[in-house]
file structure22.txt (compact mmCIF, C-alpha atoms and all ligand atoms)
# COMPACT_ATOMS: atom_id res chain seq x y z
CA MET A 23 160.66 -13.21 2.51
CA ILE A 24 161.23 -16.18 4.71
CA SER A 25 158.16 -18.38 4.90
CA LYS A 26 155.55 -17.69 7.53
CA MET A 27 155.83 -21.23 8.86
CA LEU A 28 159.48 -20.72 9.62
CA LEU A 29 158.88 -17.39 11.33
CA ARG A 30 156.03 -18.67 13.42
CA ASN A 31 158.06 -21.52 14.81
CA SER A 32 161.18 -19.58 15.43
CA GLY A 33 161.11 -16.84 18.02
CA SER A 34 164.77 -15.99 17.81
CA LEU A 35 165.08 -16.34 14.06
CA LYS A 36 167.41 -13.41 13.34
CA SER A 37 169.91 -14.25 16.05
CA LEU A 38 170.24 -17.78 14.75
CA THR A 39 170.34 -17.28 10.98
CA ARG A 40 173.30 -14.87 11.19
CA GLY A 41 173.06 -13.77 7.59
CA GLY A 42 171.90 -17.16 6.38
CA GLU A 43 168.53 -15.95 5.09
CA PRO A 44 169.43 -16.22 1.39
CA PHE A 45 170.46 -19.86 1.83
CA ILE A 46 167.28 -20.65 3.73
CA GLN A 47 165.21 -18.81 1.17
CA LYS A 48 166.70 -20.75 -1.71
CA GLU A 49 165.91 -24.06 -0.02
CA LEU A 50 162.37 -22.85 0.54
CA ASP A 51 162.04 -21.71 -3.07
CA TYR A 52 163.48 -24.74 -4.81
CA GLY A 53 163.42 -27.64 -2.37
CA ALA A 54 160.57 -29.83 -1.17
CA HIS A 55 159.53 -28.65 2.28
CA ASN A 56 159.79 -32.08 3.85
CA TYR A 57 161.87 -30.93 6.83
CA HIS A 58 161.56 -28.22 9.42
CA PRO A 59 165.15 -27.30 10.31
CA LEU A 60 166.40 -25.07 13.09
CA PRO A 61 167.34 -21.85 11.26
CA VAL A 62 171.12 -22.28 11.40
CA VAL A 63 173.06 -22.54 8.14
CA LEU A 64 176.12 -24.76 8.47
CA GLN A 65 179.12 -24.85 6.21
CA ARG A 66 181.92 -26.74 7.94
CA GLY A 67 182.42 -29.57 10.43
CA GLN A 68 185.29 -31.16 12.34
CA GLY A 69 184.99 -33.69 15.13
CA ILE A 70 182.17 -32.72 17.48
CA TYR A 71 181.95 -29.19 16.04
CA VAL A 72 180.15 -27.56 13.12
CA TRP A 73 180.43 -23.92 12.01
CA ASP A 74 177.78 -21.71 10.45
CA ILE A 75 178.30 -19.43 7.46
CA ALA A 76 179.28 -16.55 9.77
CA GLY A 77 181.95 -18.64 11.50
CA LYS A 78 180.10 -19.33 14.74
CA ARG A 79 181.03 -22.71 16.25
CA TYR A 80 178.47 -25.17 17.62
CA MET A 81 178.79 -28.47 19.46
CA ASP A 82 176.81 -30.97 17.41
CA PHE A 83 174.60 -32.95 19.80
CA LEU A 84 172.55 -34.52 17.02
CA SER A 85 175.37 -36.06 14.96
CA ALA A 86 173.18 -36.15 11.85
CA TYR A 87 170.85 -38.59 13.62
CA SER A 88 173.88 -40.68 14.67
CA ALA A 89 175.44 -40.86 11.21
CA VAL A 90 178.68 -39.26 12.45
CA ASN A 91 179.58 -41.26 15.56
CA GLN A 92 183.22 -40.95 14.46
CA GLY A 93 182.96 -37.14 14.32
CA HIS A 94 182.58 -34.81 11.34
CA CYS A 95 185.10 -35.15 8.52
CA HIS A 96 187.22 -37.69 10.37
CA PRO A 97 190.65 -37.21 8.75
CA LYS A 98 191.40 -40.91 8.34
CA ILE A 99 188.02 -41.69 6.77
CA VAL A 100 188.22 -38.60 4.55
CA GLN A 101 191.70 -39.64 3.34
CA THR A 102 190.40 -43.14 2.58
CA MET A 103 187.58 -41.62 0.56
CA ILE A 104 189.90 -39.34 -1.40
CA ASP A 105 192.38 -42.13 -2.14
CA GLN A 106 189.78 -44.64 -3.26
CA ALA A 107 187.82 -42.05 -5.26
CA GLN A 108 190.90 -41.63 -7.45
CA VAL A 109 191.18 -45.37 -8.10
CA LEU A 110 187.73 -46.92 -8.50
CA THR A 111 184.32 -45.90 -7.20
CA ILE A 112 181.75 -48.22 -8.70
CA THR A 113 181.75 -51.35 -10.79
CA SER A 114 178.15 -52.48 -10.24
CA ARG A 115 177.70 -56.03 -9.06
CA ALA A 116 177.79 -57.22 -12.64
CA PHE A 117 181.50 -57.77 -11.90
CA TYR A 118 183.57 -58.63 -8.86
CA ASN A 119 185.74 -55.99 -7.23
CA ASN A 120 188.83 -56.25 -5.06
CA LEU A 121 187.33 -54.60 -1.94
CA LEU A 122 183.86 -56.02 -1.39
CA GLY A 123 185.00 -59.37 0.03
CA ASP A 124 187.36 -57.72 2.53
CA THR A 125 184.67 -55.44 3.89
CA GLU A 126 182.14 -58.26 4.00
CA GLU A 127 184.62 -60.34 5.99
CA LEU A 128 185.30 -57.47 8.39
CA LEU A 129 181.58 -56.86 8.94
CA CYS A 130 180.86 -60.56 9.53
CA LYS A 131 183.76 -61.03 11.94
CA THR A 132 183.13 -57.78 13.80
CA PHE A 133 179.42 -58.35 14.35
CA GLY A 134 179.47 -62.14 14.62
CA TYR A 135 177.47 -63.23 11.56
CA GLN A 136 178.26 -65.60 8.71
CA LYS A 137 176.99 -63.37 5.91
CA VAL A 138 176.25 -59.79 5.00
CA LEU A 139 174.34 -57.93 2.29
CA MET A 140 175.59 -54.42 1.57
CA MET A 141 173.07 -51.76 0.63
CA ASN A 142 172.96 -47.95 0.78
CA SER A 143 170.38 -46.22 2.96
CA GLY A 144 168.94 -47.42 6.24
CA ALA A 145 165.47 -47.74 4.78
CA GLU A 146 166.88 -49.95 2.05
CA ALA A 147 168.50 -52.20 4.64
CA GLY A 148 165.13 -52.46 6.43
CA GLU A 149 163.34 -53.25 3.17
CA SER A 150 165.94 -55.90 2.40
CA ALA A 151 165.57 -57.45 5.85
CA VAL A 152 161.79 -57.71 5.44
CA LYS A 153 162.16 -59.22 1.95
CA ILE A 154 164.68 -61.76 3.22
CA ALA A 155 162.45 -62.63 6.18
CA ARG A 156 159.40 -63.17 3.97
CA ARG A 157 161.34 -65.36 1.59
CA TRP A 158 162.72 -67.33 4.55
CA GLY A 159 159.12 -67.67 5.72
CA TYR A 160 158.09 -69.31 2.44
CA GLN A 161 161.21 -71.32 1.63
CA VAL A 162 162.34 -72.42 5.10
CA LYS A 163 159.42 -72.10 7.52
CA GLY A 164 156.87 -73.27 4.96
CA ILE A 165 154.36 -70.40 5.14
CA PRO A 166 151.78 -70.65 2.31
CA ASP A 167 152.50 -68.33 -0.60
CA ASN A 168 151.66 -64.66 -0.02
CA GLN A 169 150.55 -65.25 3.58
CA ALA A 170 153.68 -64.12 5.46
CA LYS A 171 153.12 -61.74 8.34
CA VAL A 172 155.73 -59.39 9.75
CA ILE A 173 155.32 -57.84 13.20
CA PHE A 174 156.52 -54.34 14.13
CA CYS A 175 156.20 -52.21 17.27
CA THR A 176 154.12 -49.13 17.84
CA GLY A 177 156.41 -46.11 17.65
CA ASN A 178 158.76 -47.83 15.20
CA PHE A 179 160.81 -45.86 12.71
CA TRP A 180 162.87 -47.41 9.98
CA GLY A 181 162.74 -44.91 7.15
CA ARG A 182 160.38 -43.37 4.64
CA THR A 183 159.82 -45.96 1.94
CA LEU A 184 156.32 -47.27 1.31
CA ALA A 185 156.88 -50.38 3.39
CA ALA A 186 158.37 -48.37 6.25
CA CYS A 187 155.41 -45.98 6.16
CA GLY A 188 153.07 -48.95 5.92
CA SER A 189 154.38 -50.26 9.23
CA SER A 190 154.13 -46.91 11.04
CA ASP A 191 151.47 -45.80 13.53
CA ASP A 192 152.49 -42.14 13.14
CA PRO A 193 150.01 -40.32 10.85
CA ASP A 194 152.78 -37.93 9.71
CA ARG A 195 154.39 -40.91 8.01
CA TYR A 196 151.41 -42.70 6.44
CA ARG A 197 148.66 -40.09 5.97
CA ASN A 198 147.73 -39.71 2.26
CA PHE A 199 150.51 -42.08 1.20
CA GLY A 200 148.37 -45.23 1.16
CA PRO A 201 147.06 -47.70 0.33
CA PHE A 202 149.21 -50.10 2.32
CA GLY A 203 146.66 -52.92 2.33
CA GLY A 204 148.63 -55.86 1.04
CA LEU A 205 151.67 -55.64 3.28
CA ASN A 206 150.30 -57.89 6.02
CA PHE A 207 152.22 -55.94 8.66
CA HIS A 208 150.97 -56.08 12.24
CA LEU A 209 151.74 -53.80 15.16
CA VAL A 210 152.24 -54.71 18.80
CA PRO A 211 152.96 -52.24 21.62
CA TYR A 212 156.69 -51.76 22.21
CA ASP A 213 158.04 -53.39 25.35
CA ASN A 214 154.97 -55.62 25.69
CA ILE A 215 155.83 -59.29 25.58
CA GLU A 216 152.28 -60.69 25.95
CA SER A 217 150.91 -58.98 22.81
CA LEU A 218 153.99 -60.07 20.92
CA GLU A 219 153.56 -63.69 21.91
CA GLU A 220 149.97 -63.68 20.59
CA GLU A 221 151.23 -62.60 17.15
CA LEU A 222 154.17 -64.98 17.15
CA LYS A 223 151.85 -67.94 17.73
CA ASN A 224 150.34 -67.41 14.29
CA PRO A 225 152.08 -69.96 12.04
CA ASN A 226 152.24 -67.43 9.18
CA THR A 227 154.40 -64.99 11.15
CA ALA A 228 157.81 -64.78 9.50
CA ALA A 229 159.55 -62.05 11.49
CA PHE A 230 159.47 -59.51 14.27
CA MET A 231 161.40 -56.33 13.48
CA MET A 232 162.28 -53.93 16.28
CA GLU A 233 164.72 -51.29 17.53
CA PRO A 234 166.59 -52.28 20.73
CA ILE A 235 166.05 -48.65 21.80
CA GLN A 236 163.49 -46.67 19.82
CA GLY A 237 165.27 -43.60 18.45
CA GLU A 238 162.78 -41.41 16.60
CA ALA A 239 160.04 -42.32 19.09
CA GLY A 240 162.08 -40.32 21.63
CA VAL A 241 164.83 -42.66 22.88
CA VAL A 242 162.49 -45.24 24.40
CA VAL A 243 164.46 -47.80 26.39
CA PRO A 244 162.56 -51.08 26.94
CA SER A 245 162.42 -52.79 30.35
CA LYS A 246 165.33 -54.94 31.37
CA GLY A 247 164.80 -58.47 30.08
CA TYR A 248 162.58 -57.48 27.14
CA LEU A 249 165.16 -58.26 24.46
CA THR A 250 165.96 -61.58 26.11
CA LYS A 251 162.29 -62.55 26.14
CA VAL A 252 161.87 -61.45 22.52
CA ARG A 253 164.80 -63.68 21.59
CA GLU A 254 163.38 -66.66 23.51
CA LEU A 255 159.91 -66.30 22.00
CA CYS A 256 161.15 -65.82 18.44
CA THR A 257 163.16 -69.03 18.82
CA LYS A 258 160.20 -70.85 20.40
CA TYR A 259 157.80 -69.96 17.57
CA ASN A 260 160.37 -70.16 14.76
CA VAL A 261 160.09 -66.47 13.86
CA LEU A 262 163.06 -64.37 12.75
CA MET A 263 164.11 -61.64 15.16
CA ILE A 264 165.25 -58.57 13.21
CA ALA A 265 167.08 -55.92 15.23
CA ASP A 266 167.21 -52.51 13.56
CA GLU A 267 170.54 -51.18 14.87
CA ILE A 268 170.80 -48.42 12.29
CA GLN A 269 170.71 -45.77 15.02
CA THR A 270 171.62 -47.74 18.16
CA GLY A 271 174.51 -49.69 16.64
CA ILE A 272 178.23 -49.03 16.15
CA GLY A 273 178.78 -47.77 19.69
CA ARG A 274 175.97 -45.25 19.94
CA ALA A 275 174.23 -47.00 22.85
CA GLY A 276 177.46 -47.85 24.67
CA LYS A 277 178.01 -51.28 23.09
CA LEU A 278 179.00 -52.31 19.57
CA LEU A 279 175.35 -53.36 19.16
CA ALA A 280 172.65 -52.34 21.63
CA VAL A 281 171.39 -55.95 21.81
CA GLU A 282 174.66 -56.77 23.61
CA TRP A 283 173.19 -55.11 26.72
CA GLU A 284 171.27 -58.37 27.06
CA GLY A 285 173.80 -60.62 25.39
CA ILE A 286 171.45 -61.83 22.68
CA LYS A 287 171.95 -62.51 18.98
CA PRO A 288 169.13 -61.51 16.61
CA ASP A 289 168.66 -63.51 13.39
CA ILE A 290 169.05 -60.38 11.31
CA VAL A 291 170.73 -57.05 12.17
CA THR A 292 170.48 -53.93 10.03
CA LEU A 293 173.18 -51.25 10.14
CA GLY A 294 173.46 -47.85 8.46
CA LYS A 295 174.15 -44.28 9.49
CA SER A 296 177.63 -44.41 11.12
CA LEU A 297 178.69 -47.39 9.04
CA SER A 298 180.29 -44.74 6.80
CA GLY A 299 181.21 -42.26 9.52
CA GLY A 300 178.85 -39.87 7.75
CA LEU A 301 180.65 -39.69 4.42
CA MET A 302 178.10 -41.41 2.22
CA PRO A 303 175.04 -43.61 2.62
CA ILE A 304 176.14 -47.17 3.37
CA SER A 305 173.98 -49.83 5.00
CA ALA A 306 174.20 -53.54 5.66
CA VAL A 307 172.05 -56.53 6.57
CA LEU A 308 173.78 -59.19 8.67
CA ALA A 309 172.50 -62.75 9.10
CA ASP A 310 173.72 -66.32 9.15
CA GLU A 311 173.86 -68.52 6.07
CA SER A 312 170.63 -70.34 6.95
CA VAL A 313 168.77 -67.06 6.49
CA LEU A 314 170.71 -65.10 3.88
CA GLN A 315 170.91 -68.10 1.54
CA VAL A 316 167.33 -67.33 0.47
CA LEU A 317 168.76 -64.62 -1.79
CA ASP A 318 169.92 -66.03 -5.09
CA PRO A 319 171.12 -64.27 -8.24
CA ASN A 320 168.63 -61.71 -9.59
CA SER A 321 166.39 -61.88 -6.51
CA HIS A 322 167.69 -58.66 -4.95
CA GLY A 323 170.20 -55.92 -5.62
CA SER A 324 171.10 -52.27 -5.88
CA THR A 325 173.28 -50.40 -8.36
CA PHE A 326 175.37 -48.78 -5.64
CA GLY A 327 175.20 -51.53 -3.00
CA GLY A 328 178.67 -52.83 -2.14
CA ASN A 329 180.52 -50.40 -4.42
CA PRO A 330 184.30 -50.23 -3.89
CA LEU A 331 184.23 -46.66 -2.57
CA ALA A 332 181.59 -47.56 0.02
CA CYS A 333 183.45 -50.73 0.99
CA LYS A 334 186.70 -48.90 1.63
CA ILE A 335 184.98 -46.17 3.61
CA ALA A 336 182.96 -48.61 5.75
CA LYS A 337 186.10 -50.58 6.57
CA THR A 338 187.98 -47.49 7.72
CA ALA A 339 184.96 -46.07 9.55
CA LEU A 340 184.67 -49.29 11.55
CA GLU A 341 188.40 -49.40 12.26
CA VAL A 342 188.21 -45.88 13.68
CA VAL A 343 185.52 -46.95 16.15
CA PHE A 344 187.92 -49.50 17.67
CA GLU A 345 191.18 -47.55 17.31
CA GLU A 346 189.70 -44.62 19.18
CA ASN A 347 187.89 -46.69 21.80
CA LEU A 348 184.62 -44.98 20.95
CA ILE A 349 182.36 -47.67 22.39
CA ASN A 350 183.78 -47.41 25.92
CA ASN A 351 183.79 -43.64 25.65
CA SER A 352 180.12 -43.71 24.71
CA ARG A 353 179.27 -45.97 27.65
CA GLU A 354 181.26 -43.98 30.23
CA LEU A 355 180.29 -40.49 29.13
CA GLY A 356 176.66 -41.56 28.74
CA GLU A 357 176.63 -42.31 32.44
CA VAL A 358 178.05 -38.87 33.18
CA PHE A 359 175.39 -37.23 31.03
CA ARG A 360 172.47 -39.03 32.67
CA ALA A 361 173.84 -38.52 36.19
CA GLU A 362 173.99 -34.75 35.60
CA PHE A 363 170.39 -34.56 34.40
CA LYS A 364 168.98 -36.97 36.99
CA LYS A 365 169.67 -34.10 39.38
CA LEU A 366 167.10 -31.97 37.54
CA GLU A 367 164.39 -34.61 37.22
CA GLY A 368 161.01 -33.72 38.64
CA GLY A 369 160.87 -30.08 37.54
CA PHE A 370 161.16 -28.66 34.03
CA VAL A 371 163.02 -31.84 33.14
CA LYS A 372 160.49 -34.62 33.50
CA GLU A 373 162.85 -37.44 32.71
CA VAL A 374 166.30 -38.22 31.37
CA ARG A 375 166.78 -41.59 29.71
CA GLY A 376 169.04 -43.47 27.35
CA LYS A 377 172.04 -45.71 27.06
CA GLY A 378 175.57 -44.73 26.09
CA LEU A 379 175.55 -41.41 24.27
CA MET A 380 172.00 -41.93 22.98
CA ASN A 381 169.94 -39.93 25.45
CA ALA A 382 166.84 -37.79 25.65
CA LEU A 383 165.39 -35.23 27.98
CA GLU A 384 161.64 -35.16 28.32
CA ILE A 385 160.48 -31.65 29.16
CA SER A 386 157.40 -31.07 31.31
CA THR A 387 155.95 -28.30 29.11
CA PRO A 388 154.20 -29.88 26.10
CA SER A 389 155.91 -27.81 23.42
CA GLY A 390 158.99 -26.58 25.28
CA ALA A 391 161.51 -28.58 23.27
CA TRP A 392 161.71 -26.35 20.21
CA GLU A 393 162.30 -23.20 22.24
CA LEU A 394 164.93 -24.93 24.33
CA CYS A 395 166.71 -26.05 21.15
CA GLU A 396 166.76 -22.43 19.93
CA LYS A 397 168.25 -21.25 23.24
CA MET A 398 170.91 -23.94 23.12
CA ALA A 399 171.75 -23.05 19.52
CA GLU A 400 172.27 -19.43 20.53
CA LYS A 401 174.68 -20.65 23.19
CA GLY A 402 176.51 -22.88 20.71
CA LEU A 403 174.96 -26.34 20.99
CA LEU A 404 172.79 -28.01 18.37
CA ALA A 405 170.08 -30.55 19.13
CA LYS A 406 166.64 -31.23 17.70
CA PRO A 407 163.32 -32.21 19.26
CA THR A 408 161.99 -35.66 18.34
CA HIS A 409 158.54 -34.68 19.59
CA GLY A 410 157.04 -31.52 21.10
CA ASN A 411 158.55 -32.24 24.50
CA ILE A 412 161.45 -34.63 23.88
CA ILE A 413 164.98 -33.64 22.86
CA ARG A 414 167.56 -36.19 21.81
CA PHE A 415 171.18 -35.62 22.85
CA ALA A 416 173.61 -37.68 20.80
CA PRO A 417 177.00 -36.02 20.33
CA PRO A 418 179.65 -37.70 18.17
CA LEU A 419 181.29 -40.48 20.19
CA VAL A 420 184.68 -38.76 19.85
CA ILE A 421 183.57 -36.21 22.44
CA ASN A 422 185.81 -36.02 25.53
CA ARG A 423 184.83 -35.49 29.17
CA GLU A 424 185.70 -31.79 29.20
CA GLN A 425 183.68 -31.13 26.06
CA LEU A 426 180.76 -33.10 27.44
CA TYR A 427 180.74 -30.98 30.60
CA GLU A 428 180.86 -27.84 28.45
CA GLY A 429 177.81 -29.14 26.59
CA ILE A 430 176.02 -30.05 29.79
CA SER A 431 176.55 -26.55 31.16
CA ILE A 432 175.07 -25.01 27.99
CA ILE A 433 172.03 -27.27 28.35
CA TYR A 434 171.76 -26.40 32.06
CA ASP A 435 171.89 -22.67 31.36
CA SER A 436 169.28 -22.94 28.61
CA ILE A 437 166.97 -24.93 30.87
CA LYS A 438 167.38 -22.32 33.62
CA GLU A 439 166.24 -19.61 31.18
CA SER A 440 163.30 -21.70 30.02
CA GLN A 441 161.85 -22.57 33.41
C1 LIG B 501 167.44 -43.40 10.49
C2 LIG B 501 166.89 -44.75 10.73
C3 LIG B 501 166.52 -45.60 9.67
C4 LIG B 501 166.50 -45.14 8.24
O1 LIG B 501 167.72 -44.76 7.75
P1 LIG B 501 167.80 -43.86 6.40
O2 LIG B 501 169.24 -43.90 6.03
O3 LIG B 501 167.32 -42.50 6.78
O4 LIG B 501 166.91 -44.50 5.39
C5 LIG B 501 166.11 -46.88 9.98
N1 LIG B 501 166.04 -47.30 11.24
C6 LIG B 501 166.37 -46.52 12.30
C7 LIG B 501 166.27 -47.05 13.67
C8 LIG B 501 166.78 -45.21 12.07
O5 LIG B 501 167.06 -44.42 13.10
call {"tool": "encode", "arguments": {"input": "structure22.txt", "output": "structure tokens"}}
result
Amino acid sequence: MISKMLLRNSGSLKSLTRGGEPFIQKELDYGAHNYHPLPVVLQRGQGIYVWDIAGKRYMDFLSAYSAVNQGHCHPKIVQTMIDQAQVLTITSRAFYNNLLGDTEELLCKTFGYQKVLMMNSGAEAGESAVKIARRWGYQVKGIPDNQAKVIFCTGNFWGRTLAACGSSDDPDRYRNFGPFGGLNFHLVPYDNIESLEEELKNPNTAAFMMEPIQGEAGVVVPSKGYLTKVRELCTKYNVLMIADEIQTGIGRAGKLLAVEWEGIKPDIVTLGKSLSGGLMPISAVLADESVLQVLDPNSHGSTFGGNPLACKIAKTALEVVFEENLINNSRELGEVFRAEFKKLEGGFVKEVRGKGLMNALEISTPSGAWELCEKMAEKGLLAKPTHGNIIRFAPPLVINREQLYEGISIIYDSIKESQ
């Protein structure tokens, strides 16, 4: 018996599962129920497509939350993984390896920073950035011991660790996981420069961490000029600006980094998700020497961080982004996507917004997003609501114009049936 929760939320369950019930049931029986998936059971992926266990093909318009910008199972990245897996996978940082330096150099030169710290998950990169910023606060800015404040935005999302939950204003993330008392995190409304300035004035503020476009909050694009003002104020008050580019970065928002839309350079940038092209968790924290020098031996680390397999994969995954011109493709096709849905604005579609191929449709019915996602899945396109009425559309950046139009027409048809 499939759980009641799943049935209740899934009108067209049978037509989507396509014989996948035993797989779903096993997850329900043995796994923690910390997700609420659409009831499709996938078993293969290539490029922008995934296939379910019965062989039905779907366009993937979620891209594993932007972890596969380069497309599923990219042959060049897969080959790199296979080759390196047969040579050396992990040494720990107790020893040097012959690949870490190369990948560090590539990351620094590509993103324009002097130094990089390699980690694994996105949340771990965020944790590392906050640790580095606090230490910088004490050792460089001169904040009294244990007084450092870090500012975040309402609607932020940077993972599920205790610190990430401690900075969240979403009860789903923090409820019954406390206490979070000692973190000294403070929230300001996103895209509000006045409230931010008040917090930055406090001499104990070490850092302001933010997403250039808020992903999980529903693809929230700040007003033009916001990032520039954030940069100016952080400089003025000697506070580190941390840009979380884990979702927006590596071409997703139509630039290598989304902050490039305003031509600014944060003090710290975190990367994750597509840094591996979706093959394994790899994340990174970029900063200049004046900031990253606060880490000394034994002050921070991770068993898997910077392992040779990850280094080789990240290098190839980044090369693919440039070889295949994915950033321009994201920017150009993003414009096509938004132009097509602007035409529908005002009715069932309340708003379309985004940059590059990171877009969302806000639906005018409060809970219409889930049903629309089921309809699209039936027609061969996968996407997931971020909230009851917001759906994110983020296909792999290897999508071509023809495929994008095919996707758009599936979304159009599904909307027509939902109105
Ligand atoms: C997904 C995400 C993270 C967390 O990454 P994990 O690998 O899931 O820990 C952090 N920041 C942003 C903006 C994200 O979208």
call {"tool": "closest_atom_pairs", "arguments": {"input": "structure22.txt", "of": "chain A", "to": "ligand LIG 501 (chain B)", "cutoff": "10 Å", "atoms": "all atoms listed in the file", "output": "CSV"}}
result
residue,atom,partner,partner_atom,distance
A:Ala86,CA,B:LIG501,C1,9.3
A:Tyr87,CA,B:LIG501,C1,6.7
A:Ser88,CA,B:LIG501,O5,7.9
A:Ala89,CA,B:LIG501,C1,8.4
A:Asn142,CA,B:LIG501,O2,7.6
A:Ser143,CA,B:LIG501,O2,4.0
A:Gly144,CA,B:LIG501,O1,3.3
A:Ala145,CA,B:LIG501,O4,3.6
A:Glu146,CA,B:LIG501,O4,6.4
A:Ala147,CA,B:LIG501,O4,7.9
A:Gly148,CA,B:LIG501,C5,6.7
A:Glu149,CA,B:LIG501,O4,9.7
A:Asn178,CA,B:LIG501,C7,7.7
A:Phe179,CA,B:LIG501,C6,5.6
A:Trp180,CA,B:LIG501,C5,3.3
A:Gly181,CA,B:LIG501,C4,3.9
A:Arg182,CA,B:LIG501,O4,6.7
A:Thr183,CA,B:LIG501,O4,8.0
A:Ala186,CA,B:LIG501,C5,8.7
A:Met232,CA,B:LIG501,C7,8.4
A:Glu233,CA,B:LIG501,C7,5.9
A:Pro234,CA,B:LIG501,C7,8.8
A:Ile235,CA,B:LIG501,C7,8.3
A:Gln236,CA,B:LIG501,C7,6.8
A:Gly237,CA,B:LIG501,O5,5.7
A:Glu238,CA,B:LIG501,O5,6.3
A:Ala239,CA,B:LIG501,O5,9.5
A:Ala265,CA,B:LIG501,C7,9.0
A:Asp266,CA,B:LIG501,C7,5.5
A:Glu267,CA,B:LIG501,C7,6.1
A:Ile268,CA,B:LIG501,C6,4.8
A:Gln269,CA,B:LIG501,O5,4.3
A:Thr270,CA,B:LIG501,C7,7.0
A:Gly271,CA,B:LIG501,C7,9.1
A:Thr292,CA,B:LIG501,N1,8.1
A:Leu293,CA,B:LIG501,N1,8.2
A:Gly294,CA,B:LIG501,O2,6.3
A:Lys295,CA,B:LIG501,O2,6.0
A:Ser296,CA,B:LIG501,O2,9.8
A:Met302,CA,B:LIG501,O2,10.0
A:Pro303,CA,B:LIG501,O2,6.7
A:Ile304,CA,B:LIG501,O2,8.1
A:Ser305,CA,B:LIG501,O2,7.7
call {"tool": "residues_around", "arguments": {"input": "structure22.txt", "residues": "Gly77 of chain A", "least_positions_apart": "4", "cutoff": "10 Å", "atoms": "all atoms listed in the file", "output": "VMD selection string"}}
result
chain A and resid 40 64 to 66 72 to 73
call {"tool": "closest_atom_pairs", "arguments": {"input": "structure22.txt", "of": "segment 136-213 of chain A", "to": "segment 309-315 of chain A", "cutoff": "9 Å", "atoms": "only C-alpha atoms", "output": "Markdown table"}}
result
| residue | atom | partner | partner_atom | distance |
| --- | --- | --- | --- | --- |
| A:Gln136 | CA | A:Asp310 | CA | 4.6 |
| A:Lys137 | CA | A:Asp310 | CA | 5.5 |
| A:Val138 | CA | A:Ala309 | CA | 6.3 |
| A:Leu139 | CA | A:Leu314 | CA | 8.2 |
| A:Ile154 | CA | A:Leu314 | CA | 6.9 |
| A:Ala155 | CA | A:Val313 | CA | 7.7 |
| A:Trp158 | CA | A:Val313 | CA | 6.4 |
| A:Val162 | CA | A:Val313 | CA | 8.5 |
call {"tool": "residues_around", "arguments": {"input": "structure22.txt", "residues": "segment 407-415 of chain A", "least_positions_apart": "4", "cutoff": "8 Å", "atoms": "only C-alpha atoms", "output": "ChimeraX atom specification"}}
result
/A:83-84,238-241,379-392,395
call {"tool": "closest_residue", "arguments": {"input": "structure22.txt", "among": "A:Leu122, A:Leu426, A:Leu404, A:Ala416", "to": "Val358 of chain A", "atoms": "all atoms listed in the file"}}
result
A:Leu426
call {"tool": "closest_residue", "arguments": {"input": "structure22.txt", "among": "A:Lys401, A:Arg274, A:Lys287, A:His322", "to": "Tyr80 of chain A", "atoms": "all atoms listed in the file"}}
result
A:Lys401
call {"tool": "closest_atom_pairs", "arguments": {"input": "structure22.txt", "of": "segment 86-134 of chain A", "to": "segment 325-334 of chain A", "cutoff": "8 Å", "atoms": "only C-alpha atoms", "output": "Markdown table"}}
result
| residue | atom | partner | partner_atom | distance |
| --- | --- | --- | --- | --- |
| A:Thr102 | CA | A:Lys334 | CA | 6.9 |
| A:Met103 | CA | A:Leu331 | CA | 6.8 |
| A:Gln106 | CA | A:Leu331 | CA | 5.9 |
| A:Ala107 | CA | A:Leu331 | CA | 6.4 |
| A:Leu110 | CA | A:Pro330 | CA | 6.6 |
| A:Thr111 | CA | A:Leu331 | CA | 4.7 |
| A:Ile112 | CA | A:Asn329 | CA | 5.0 |
| A:Thr113 | CA | A:Asn329 | CA | 6.6 |
| A:Ser114 | CA | A:Thr325 | CA | 5.6 |
| A:Arg115 | CA | A:Thr325 | CA | 7.2 |
| A:Asn119 | CA | A:Pro330 | CA | 6.8 |
| A:Asn120 | CA | A:Pro330 | CA | 7.6 |
| A:Leu121 | CA | A:Pro330 | CA | 5.7 |
| A:Leu122 | CA | A:Cys333 | CA | 5.8 |
| A:Thr125 | CA | A:Cys333 | CA | 5.7 |
call {"tool": "residues_around", "arguments": {"input": "structure22.txt", "residues": "Phe207 of chain A", "least_positions_apart": "4", "cutoff": "12 Å", "atoms": "only C-alpha atoms", "output": "VMD selection string"}}
result
chain A and resid 152 156 169 to 176 185 to 191 202 to 203 221 226 to 231
call {"tool": "residues_around", "arguments": {"input": "structure22.txt", "residues": "Glu220 of chain A", "least_positions_apart": "4", "cutoff": "12 Å", "atoms": "only C-alpha atoms", "output": "JSON, numbers by chain"}}
result
{"A": [173, 208, 209, 210, 211, 214, 215, 216, 224, 225, 227, 255, 256, 259]}
call {"tool": "residues_around", "arguments": {"input": "structure22.txt", "residues": "Cys95 of chain A", "least_positions_apart": "5", "cutoff": "12 Å", "atoms": "all atoms listed in the file", "output": "PyMOL selection string"}}
result
chain A and resi 66-72+85+89-90+100-104+298-302+339+418+420
call {"tool": "atom_distance", "arguments": {"input": "structure22.txt", "atom1": "atom CA of Arg157 of chain A", "atom2": "atom CA of Lys223 of chain A"}}
result
18.9 Å
call {"tool": "closest_atom_pairs", "arguments": {"input": "structure22.txt", "of": "segment 243-292 of chain A", "to": "segment 347-352 of chain A", "cutoff": "9 Å", "atoms": "all atoms listed in the file", "output": "tab-separated table"}}
result
residue	atom	partner	partner_atom	distance
A:Ile272	CA	A:Ile349	CA	7.6
A:Gly273	CA	A:Ile349	CA	4.5
A:Arg274	CA	A:Ser352	CA	6.5
A:Ala275	CA	A:Ser352	CA	7.0
A:Gly276	CA	A:Ser352	CA	4.9
A:Lys277	CA	A:Ile349	CA	5.7
A:Leu278	CA	A:Ile349	CA	6.4
